[in-house]
Amino acid sequence: MINKSNPFLNLKYEPMMEELGDDYYDVVAAAEFPAHWLRFRNDALLPLMGLDPATVGDGDFLEAFGAFEGVRPFLALRYHGYQFGAYNPFLGDGRGFLYGQIRGIDGNLYDLGTKGSGRTPYSRSADGRLTLKGGVREVLAAEALHQLGVKTSRCLSLIETGESLWRGDEPSPTRSSAMVRFNRSHIRFGTLERLHYLKRPDLIGKLLDRAIAVYYPDIPDTEDKYLQFYAELIERVAQLSAQWMAAGFCHGVLNTDNMSITGESFDYGPYAFIPTYDARFTAASFDYGGRYSYGNQPYICKFNLEMLQLPLAMVTEKSCLEVELTKFDDCYQQHYQKLIWQKLGFKEYFPLLEDLLAATIELLKDTDISYHGFFAELAQGFNFGWREDSGLILENAVFNRKISNSSGDKLKDNWCNLYHQCLNQLSIAKMEKTGDMLKFHNPPTVLLRPIIESIWQPIAEENDWQLFYDLINKIQTKS
Ligand SMILES: Nc1ncnc2c1ncn2[C@@H]1O[C@H](COP(=O)(O)OP(=O)(O)OP(=O)(O)O)[C@@H](O)[C@H]1O
Ligand SMILES: [Mg+2]
């Protein structure tokens with residue numbers, strides 16, 4: 001019996017995936033949990049869902065996304081994937097399901113997907129649960145990336161569920177949670193890979209026809225639409241990997257089951273924001289070979305797109321797909337350059353910016369300057385005097401103390417000279433906008449690991465959530 005007063009249970013759900021038929025999912029039930037404590041509600045998302053936060057009670061969240069009452073059916077989606085390069089046909093939603101799909105007020109269709117909501121036919125020997133710390137980390141990553149301009153899923157709610165879990169990577173027993181994720185789609189590269197494995201081009205075509213109509217509405221319904229989809233996906237994934245790189249973000253587990261066919265970032269497990277610019281930085285302790293290191297991300301995305309040619313070649317010409325992928329590198333480079341120039345305060349291109357980009361990466365790579373600290377100090381210290389005198393640029397920066405050798409000093413001097421020259425290419429009117437631009441693209445609060453640990457500690461020790469809420473607030477308001 002649907003609770004008429006709960007706004008979540010009265011949303012107009014559009015069953016796009018359900019209508020495709022049960023070749024793509026299994027209907028599952030949610031686990032019953034001993035407790036439901038609302039730890040996070042993302043009021044910033046509610047207006048997009050057509051809801052006024054003031055009319056949505058905490059109890060509504062608990063009923064819909066903790067007790068999972070009301071809306072049915074829940075669909076555990078079927079998928080496979082390449083994990084660390086090896087094909088795994090035993091995947092699928094093992095601790096989550098598609099709760100429902102709704103139309104945002106922007107006209108786009110969105111998924112509500114769960115994580116930690118119980119076992120499914122794909123759980124294998126695992127418990128179907130999400131640790132509370134894992135949930136907290138995913139909430140934070142998604143909000144931080146969103147504020148940094150990365151196209152990402154976000155979390156709608158996080159509810160602690162009162163169980164004790166055992167994990168190898170957290171002091172155990174550890175607390176449990178159920179999260180609801182809000183994103184464009186949970187159709188993964190691995191969803192199509194599974195259909196290739198099962199030799200079902202008919203199901204690939206059926207899924208793509210629907211997905212293109214919903215997520216790529218600009219692609220006309222013509223013979224080459226699958227190729228056009230691939231071309232557009234390459235563009236989106238190149239852009240996404242450039243966004244991660246510019247944001248100084250290492251996703252950590254770029255298996256093809258964690259790649260969305262909408263080109264959106266999601267699944268924040270062992271991720272990290274890089275402390276300093278180091279292409280070899282790895283986020284996952286189990287990534288022994290550095291396959292998913294920070295600097296490898298664009299190459300891995302390209303490799304994953306190459307793997308996707310196998311299913312797509314069942315419905316379109318392989319040689320054409322191969323030609324499309326050759327465009328990835330240029331596309332990535334263009335997006336990356338643009339994003340770094342924005343972080344440096346420049347919106348419009350002029351040739352000297354190419355030298356500035358190279359000098360910036362060289363400086364950050366060859367010194368111990370904090371990646372995020374560098375841009376944050378640039379944003380905070382910026383003033384008109386920098387245009388007159390290169391000696392004033394970053395003269396009081398905290399990181400100057402970290403540059404302890406003459407080659408570091410030389411790199412910084414070289415960088416300051418170039419930055420000074422670039423500022424002098426701007427008109428006064430544009431110079432006036434530079435400070436705002438620097439602040440917009442370089443928020444002061446960065447989610448480095450010690451910060452996450454410092455907010456987790458009071459939660460773990462005293463169930464004190466204040467620092468977590470303060471941090472979310474700082475991230476969401478860019479303060
Ligand atoms: N505790 C668990 N219980 C059951 N299945 C699990 C558990 N942890 C991971 N899995 C399954 O292992 C596979 C890989 O997990 P991964 O961490 O990439 O995904 P996930 O984080 O569970 O979900 P998502 O990709 O939607 O964020 C998935 O099929 C996932 O469902
Ligand atoms: Mg995953």
# chains A, B, ... in the order shown; residues from 1 in each chain; ligands from 1

call {"tool": "residues_near_ligand", "arguments": {"ligand": "ligand 1", "cutoff": "9 Å", "atoms": "only C-alpha atoms and all ligand atoms", "output": "MDAnalysis selection string"}}
result
chainID A and resid 78:81 83 90:97 113:116 118:120 122:131 138 167 181 186 188 253:255 257:259 266:269

call {"tool": "write_last_selection", "arguments": {"atoms": "N, CA and C atoms", "output": "compact mmCIF listing (two decimals), in the first residue's frame"}}
result
# COMPACT_ATOMS: atom_id res chain seq x y z
N ARG A 78 22.00 -6.75 -14.87
CA ARG A 78 23.00 -7.77 -15.24
C ARG A 78 24.13 -7.11 -16.03
N TYR A 79 25.34 -7.40 -15.64
CA TYR A 79 26.49 -6.92 -16.42
C TYR A 79 27.73 -7.78 -16.14
N HIS A 80 28.67 -7.72 -17.05
CA HIS A 80 29.99 -8.32 -16.86
C HIS A 80 31.00 -7.18 -16.86
N GLY A 81 32.28 -7.51 -17.09
CA GLY A 81 33.25 -6.43 -17.21
C GLY A 81 34.68 -6.92 -17.21
N GLN A 83 38.01 -6.57 -15.47
CA GLN A 83 38.53 -6.09 -14.19
C GLN A 83 40.05 -6.27 -14.21
N PHE A 90 31.10 -12.95 -14.00
CA PHE A 90 30.34 -13.23 -12.77
C PHE A 90 29.95 -11.96 -12.02
N LEU A 91 29.72 -10.88 -12.76
CA LEU A 91 29.38 -9.63 -12.06
C LEU A 91 27.87 -9.40 -12.09
N GLY A 92 27.47 -8.15 -12.04
CA GLY A 92 26.04 -7.81 -11.92
C GLY A 92 25.85 -7.06 -10.62
N ASP A 93 24.70 -6.42 -10.46
CA ASP A 93 24.42 -5.69 -9.21
C ASP A 93 24.39 -6.68 -8.04
N GLY A 94 25.48 -6.73 -7.29
CA GLY A 94 25.57 -7.70 -6.19
C GLY A 94 25.20 -7.11 -4.85
N ARG A 95 25.09 -5.79 -4.79
CA ARG A 95 24.70 -5.16 -3.51
C ARG A 95 23.85 -3.93 -3.76
N GLY A 96 23.18 -3.93 -4.90
CA GLY A 96 22.34 -2.78 -5.23
C GLY A 96 21.32 -3.15 -6.26
N PHE A 97 20.44 -2.22 -6.56
CA PHE A 97 19.46 -2.43 -7.63
C PHE A 97 19.00 -1.07 -8.14
N GLY A 113 19.57 4.56 -7.96
CA GLY A 113 20.14 3.22 -7.79
C GLY A 113 20.66 3.06 -6.38
N THR A 114 20.57 1.86 -5.84
CA THR A 114 20.99 1.67 -4.45
C THR A 114 22.38 1.04 -4.38
N LYS A 115 22.97 1.13 -3.22
CA LYS A 115 24.24 0.43 -2.94
C LYS A 115 24.19 0.04 -1.46
N GLY A 116 24.36 -1.24 -1.20
CA GLY A 116 24.31 -1.71 0.19
C GLY A 116 22.92 -2.14 0.62
N GLY A 118 21.33 -5.00 0.08
CA GLY A 118 21.08 -6.42 0.33
C GLY A 118 21.59 -7.31 -0.79
N ARG A 119 21.49 -8.62 -0.54
CA ARG A 119 22.03 -9.60 -1.49
C ARG A 119 21.13 -9.75 -2.71
N THR A 120 21.75 -10.18 -3.81
CA THR A 120 21.04 -10.40 -5.07
C THR A 120 21.61 -11.68 -5.69
N TYR A 122 23.64 -11.83 -7.80
CA TYR A 122 25.02 -11.53 -8.23
C TYR A 122 25.96 -11.26 -7.06
N SER A 123 25.52 -11.56 -5.86
CA SER A 123 26.35 -11.26 -4.68
C SER A 123 27.50 -12.24 -4.53
N ARG A 124 27.43 -13.37 -5.19
CA ARG A 124 28.40 -14.45 -4.99
C ARG A 124 28.50 -14.73 -3.49
N SER A 125 29.71 -14.78 -2.93
CA SER A 125 29.77 -15.13 -1.49
C SER A 125 29.73 -13.89 -0.60
N ALA A 126 29.52 -12.72 -1.20
CA ALA A 126 29.60 -11.48 -0.41
C ALA A 126 28.25 -11.11 0.22
N ASP A 127 28.29 -10.10 1.09
CA ASP A 127 27.14 -9.85 1.97
C ASP A 127 26.08 -8.88 1.41
N GLY A 128 26.36 -8.27 0.27
CA GLY A 128 25.36 -7.34 -0.29
C GLY A 128 25.29 -6.01 0.43
N ARG A 129 26.28 -5.74 1.26
CA ARG A 129 26.24 -4.54 2.11
C ARG A 129 27.30 -3.51 1.72
N LEU A 130 27.11 -2.29 2.20
CA LEU A 130 28.06 -1.19 2.01
C LEU A 130 28.47 -0.71 3.40
N THR A 131 29.75 -0.51 3.62
CA THR A 131 30.13 0.00 4.95
C THR A 131 29.74 1.48 5.05
N GLU A 138 31.76 7.91 -0.54
CA GLU A 138 31.14 8.10 -1.87
C GLU A 138 30.34 9.41 -1.91
N ARG A 167 35.32 -6.43 7.05
CA ARG A 167 36.02 -6.05 5.82
C ARG A 167 37.53 -6.11 6.04
N ARG A 181 21.89 6.43 -5.04
CA ARG A 181 22.67 7.22 -6.00
C ARG A 181 21.73 7.79 -7.06
N HIS A 186 22.60 3.62 -15.08
CA HIS A 186 23.46 2.55 -14.57
C HIS A 186 23.80 1.53 -15.66
N ARG A 188 26.21 0.11 -18.03
CA ARG A 188 27.68 0.17 -18.02
C ARG A 188 28.25 -0.39 -19.32
N VAL A 253 39.53 2.53 -9.69
CA VAL A 253 39.10 1.21 -10.20
C VAL A 253 38.33 1.38 -11.51
N LEU A 254 39.08 1.68 -12.56
CA LEU A 254 38.42 1.94 -13.85
C LEU A 254 38.18 0.65 -14.65
N ASN A 255 37.56 -0.33 -14.00
CA ASN A 255 37.11 -1.53 -14.70
C ASN A 255 35.92 -1.15 -15.59
N ASP A 257 33.07 -2.34 -15.76
CA ASP A 257 31.77 -2.34 -15.07
C ASP A 257 31.59 -1.05 -14.27
N ASN A 258 32.63 -0.22 -14.24
CA ASN A 258 32.49 1.08 -13.57
C ASN A 258 32.52 2.23 -14.58
N MET A 259 32.27 1.90 -15.84
CA MET A 259 32.23 2.93 -16.90
C MET A 259 30.79 3.01 -17.41
N PHE A 266 31.21 7.54 -11.80
CA PHE A 266 30.48 7.01 -10.62
C PHE A 266 31.30 5.90 -9.98
N ASP A 267 30.81 5.37 -8.89
CA ASP A 267 31.42 4.32 -8.08
C ASP A 267 32.73 4.79 -7.44
N TYR A 268 32.59 5.43 -6.30
CA TYR A 268 33.76 5.99 -5.61
C TYR A 268 34.16 5.10 -4.44
N GLY A 269 35.00 4.11 -4.75
CA GLY A 269 35.53 3.20 -3.73
C GLY A 269 36.84 3.73 -3.18

call {"tool": "residues_around", "arguments": {"residues": "Ala313 of chain A", "least_positions_apart": "2", "cutoff": "12 Å", "atoms": "only C-alpha atoms", "output": "list in words"}}
result
Leu192, Glu193, Leu195, His196, Lys199, Arg200, Pro201, Ile204, Gly205, Tyr226, Leu227, Tyr230, Glu306, Met307, Leu308, Gln309, Leu310, Pro311, Val315, Thr316, Glu317, Lys318, Ser319, Cys320, Leu321 and Glu322 of chain A

call {"tool": "residues_around", "arguments": {"residues": "Ala284 of chain A", "least_positions_apart": "5", "cutoff": "8 Å", "atoms": "only C-alpha atoms", "output": "ChimeraX atom specification"}}
result
/A:252-253,270-271

call {"tool": "write_last_selection", "arguments": {"atoms": "N, CA and C atoms", "output": "compact mmCIF listing (two decimals), in the first residue's frame"}}
result
# COMPACT_ATOMS: atom_id res chain seq x y z
N GLY A 252 40.64 5.19 -9.33
CA GLY A 252 41.15 4.02 -8.61
C GLY A 252 40.77 2.68 -9.21
N VAL A 253 39.53 2.53 -9.69
CA VAL A 253 39.10 1.21 -10.20
C VAL A 253 38.33 1.38 -11.51
N PRO A 270 37.96 3.16 -3.63
CA PRO A 270 39.25 3.56 -3.04
C PRO A 270 39.88 4.79 -3.72
N TYR A 271 39.08 5.70 -4.22
CA TYR A 271 39.57 6.89 -4.92
C TYR A 271 40.47 7.75 -4.03

call {"tool": "atom_distance", "arguments": {"atom1": "atom CA of Asp224 of chain A", "atom2": "atom CA of Ile300 of chain A"}}
result
26.3 Å

call {"tool": "residues_around", "arguments": {"residues": "Thr256 of chain A", "least_positions_apart": "4", "cutoff": "6 Å", "atoms": "only C-alpha atoms", "output": "list of chain:residue names"}}
result
A:Gly81, A:Tyr82, A:Phe189, A:Gly190

call {"tool": "select_by_dssp", "arguments": {"residues": "segment 98-347 of chain A", "states": "strand (DSSP E or B)", "output": "JSON, numbers by chain"}}
result
{"A": [98, 99, 100, 101, 102, 103, 109, 110, 111, 112, 113, 114, 115, 130, 131, 152, 154, 155, 156, 157, 158, 159, 160, 161, 162, 163, 164, 165, 174, 175, 176, 177, 178, 179, 180, 181, 182, 183, 188, 249, 250, 260, 265, 272, 273, 276]}

call {"tool": "decode", "arguments": {"residues": "segment 289-313 of chain A", "atoms": "N, CA and C atoms", "output": "PDB file, in the first residue's frame"}}
result
ATOM      1  N   GLY A 289      50.152  -3.167  -9.889  1.00  0.00           N
ATOM      2  CA  GLY A 289      50.908  -2.754 -11.078  1.00  0.00           C
ATOM      3  C   GLY A 289      50.703  -1.303 -11.464  1.00  0.00           C
ATOM      4  N   GLY A 290      49.874  -0.582 -10.745  1.00  0.00           N
ATOM      5  CA  GLY A 290      49.613   0.822 -11.076  1.00  0.00           C
ATOM      6  C   GLY A 290      48.779   0.991 -12.338  1.00  0.00           C
ATOM      7  N   ARG A 291      48.022  -0.037 -12.691  1.00  0.00           N
ATOM      8  CA  ARG A 291      47.190   0.031 -13.897  1.00  0.00           C
ATOM      9  C   ARG A 291      46.268   1.254 -13.888  1.00  0.00           C
ATOM     10  N   TYR A 292      45.659   1.531 -12.753  1.00  0.00           N
ATOM     11  CA  TYR A 292      44.705   2.644 -12.671  1.00  0.00           C
ATOM     12  C   TYR A 292      45.297   3.861 -11.969  1.00  0.00           C
ATOM     13  N   SER A 293      46.601   4.070 -12.202  1.00  0.00           N
ATOM     14  CA  SER A 293      47.262   5.232 -11.598  1.00  0.00           C
ATOM     15  C   SER A 293      46.655   6.516 -12.159  1.00  0.00           C
ATOM     16  N   TYR A 294      46.905   7.612 -11.447  1.00  0.00           N
ATOM     17  CA  TYR A 294      46.388   8.930 -11.862  1.00  0.00           C
ATOM     18  C   TYR A 294      46.701   9.213 -13.331  1.00  0.00           C
ATOM     19  N   GLY A 295      47.969   9.076 -13.713  1.00  0.00           N
ATOM     20  CA  GLY A 295      48.377   9.449 -15.069  1.00  0.00           C
ATOM     21  C   GLY A 295      47.886   8.499 -16.145  1.00  0.00           C
ATOM     22  N   ASN A 296      47.535   7.266 -15.760  1.00  0.00           N
ATOM     23  CA  ASN A 296      47.074   6.285 -16.751  1.00  0.00           C
ATOM     24  C   ASN A 296      45.613   6.458 -17.124  1.00  0.00           C
ATOM     25  N   GLN A 297      44.897   7.295 -16.416  1.00  0.00           N
ATOM     26  CA  GLN A 297      43.426   7.312 -16.573  1.00  0.00           C
ATOM     27  C   GLN A 297      42.962   7.534 -18.023  1.00  0.00           C
ATOM     28  N   PRO A 298      43.546   8.518 -18.741  1.00  0.00           N
ATOM     29  CA  PRO A 298      43.083   8.680 -20.129  1.00  0.00           C
ATOM     30  C   PRO A 298      43.357   7.440 -20.984  1.00  0.00           C
ATOM     31  N   TYR A 299      44.538   6.799 -20.790  1.00  0.00           N
ATOM     32  CA  TYR A 299      44.869   5.615 -21.598  1.00  0.00           C
ATOM     33  C   TYR A 299      43.928   4.460 -21.284  1.00  0.00           C
ATOM     34  N   ILE A 300      43.622   4.312 -20.000  1.00  0.00           N
ATOM     35  CA  ILE A 300      42.728   3.227 -19.599  1.00  0.00           C
ATOM     36  C   ILE A 300      41.312   3.468 -20.143  1.00  0.00           C
ATOM     37  N   CYS A 301      40.878   4.697 -20.118  1.00  0.00           N
ATOM     38  CA  CYS A 301      39.556   5.010 -20.680  1.00  0.00           C
ATOM     39  C   CYS A 301      39.537   4.659 -22.164  1.00  0.00           C
ATOM     40  N   LYS A 302      40.631   4.975 -22.846  1.00  0.00           N
ATOM     41  CA  LYS A 302      40.703   4.654 -24.273  1.00  0.00           C
ATOM     42  C   LYS A 302      40.705   3.134 -24.479  1.00  0.00           C
ATOM     43  N   PHE A 303      41.440   2.435 -23.628  1.00  0.00           N
ATOM     44  CA  PHE A 303      41.458   0.964 -23.711  1.00  0.00           C
ATOM     45  C   PHE A 303      40.041   0.409 -23.486  1.00  0.00           C
ATOM     46  N   ASN A 304      39.344   0.958 -22.499  1.00  0.00           N
ATOM     47  CA  ASN A 304      37.984   0.483 -22.218  1.00  0.00           C
ATOM     48  C   ASN A 304      37.054   0.750 -23.404  1.00  0.00           C
ATOM     49  N   LEU A 305      37.254   1.889 -24.047  1.00  0.00           N
ATOM     50  CA  LEU A 305      36.463   2.183 -25.247  1.00  0.00           C
ATOM     51  C   LEU A 305      36.805   1.210 -26.372  1.00  0.00           C
ATOM     52  N   GLU A 306      38.068   0.806 -26.421  1.00  0.00           N
ATOM     53  CA  GLU A 306      38.472  -0.161 -27.444  1.00  0.00           C
ATOM     54  C   GLU A 306      37.802  -1.519 -27.187  1.00  0.00           C
ATOM     55  N   MET A 307      37.760  -1.921 -25.926  1.00  0.00           N
ATOM     56  CA  MET A 307      37.084  -3.180 -25.579  1.00  0.00           C
ATOM     57  C   MET A 307      35.599  -3.135 -25.956  1.00  0.00           C
ATOM     58  N   LEU A 308      35.037  -1.937 -25.876  1.00  0.00           N
ATOM     59  CA  LEU A 308      33.602  -1.789 -26.178  1.00  0.00           C
ATOM     60  C   LEU A 308      33.311  -2.013 -27.664  1.00  0.00           C
ATOM     61  N   GLN A 309      34.369  -2.002 -28.468  1.00  0.00           N
ATOM     62  CA  GLN A 309      34.157  -2.253 -29.901  1.00  0.00           C
ATOM     63  C   GLN A 309      33.654  -3.673 -30.147  1.00  0.00           C
ATOM     64  N   LEU A 310      33.995  -4.608 -29.242  1.00  0.00           N
ATOM     65  CA  LEU A 310      33.566  -6.000 -29.452  1.00  0.00           C
ATOM     66  C   LEU A 310      32.038  -6.111 -29.486  1.00  0.00           C
ATOM     67  N   PRO A 311      31.325  -5.636 -28.457  1.00  0.00           N
ATOM     68  CA  PRO A 311      29.858  -5.696 -28.567  1.00  0.00           C
ATOM     69  C   PRO A 311      29.307  -4.827 -29.691  1.00  0.00           C
ATOM     70  N   LEU A 312      29.887  -3.638 -29.870  1.00  0.00           N
ATOM     71  CA  LEU A 312      29.324  -2.735 -30.884  1.00  0.00           C
ATOM     72  C   LEU A 312      29.516  -3.287 -32.296  1.00  0.00           C
ATOM     73  N   ALA A 313      30.613  -4.050 -32.471  1.00  0.00           N
ATOM     74  CA  ALA A 313      30.860  -4.621 -33.809  1.00  0.00           C
ATOM     75  C   ALA A 313      29.825  -5.685 -34.163  1.00  0.00           C
TER      76      ALA A 313
END
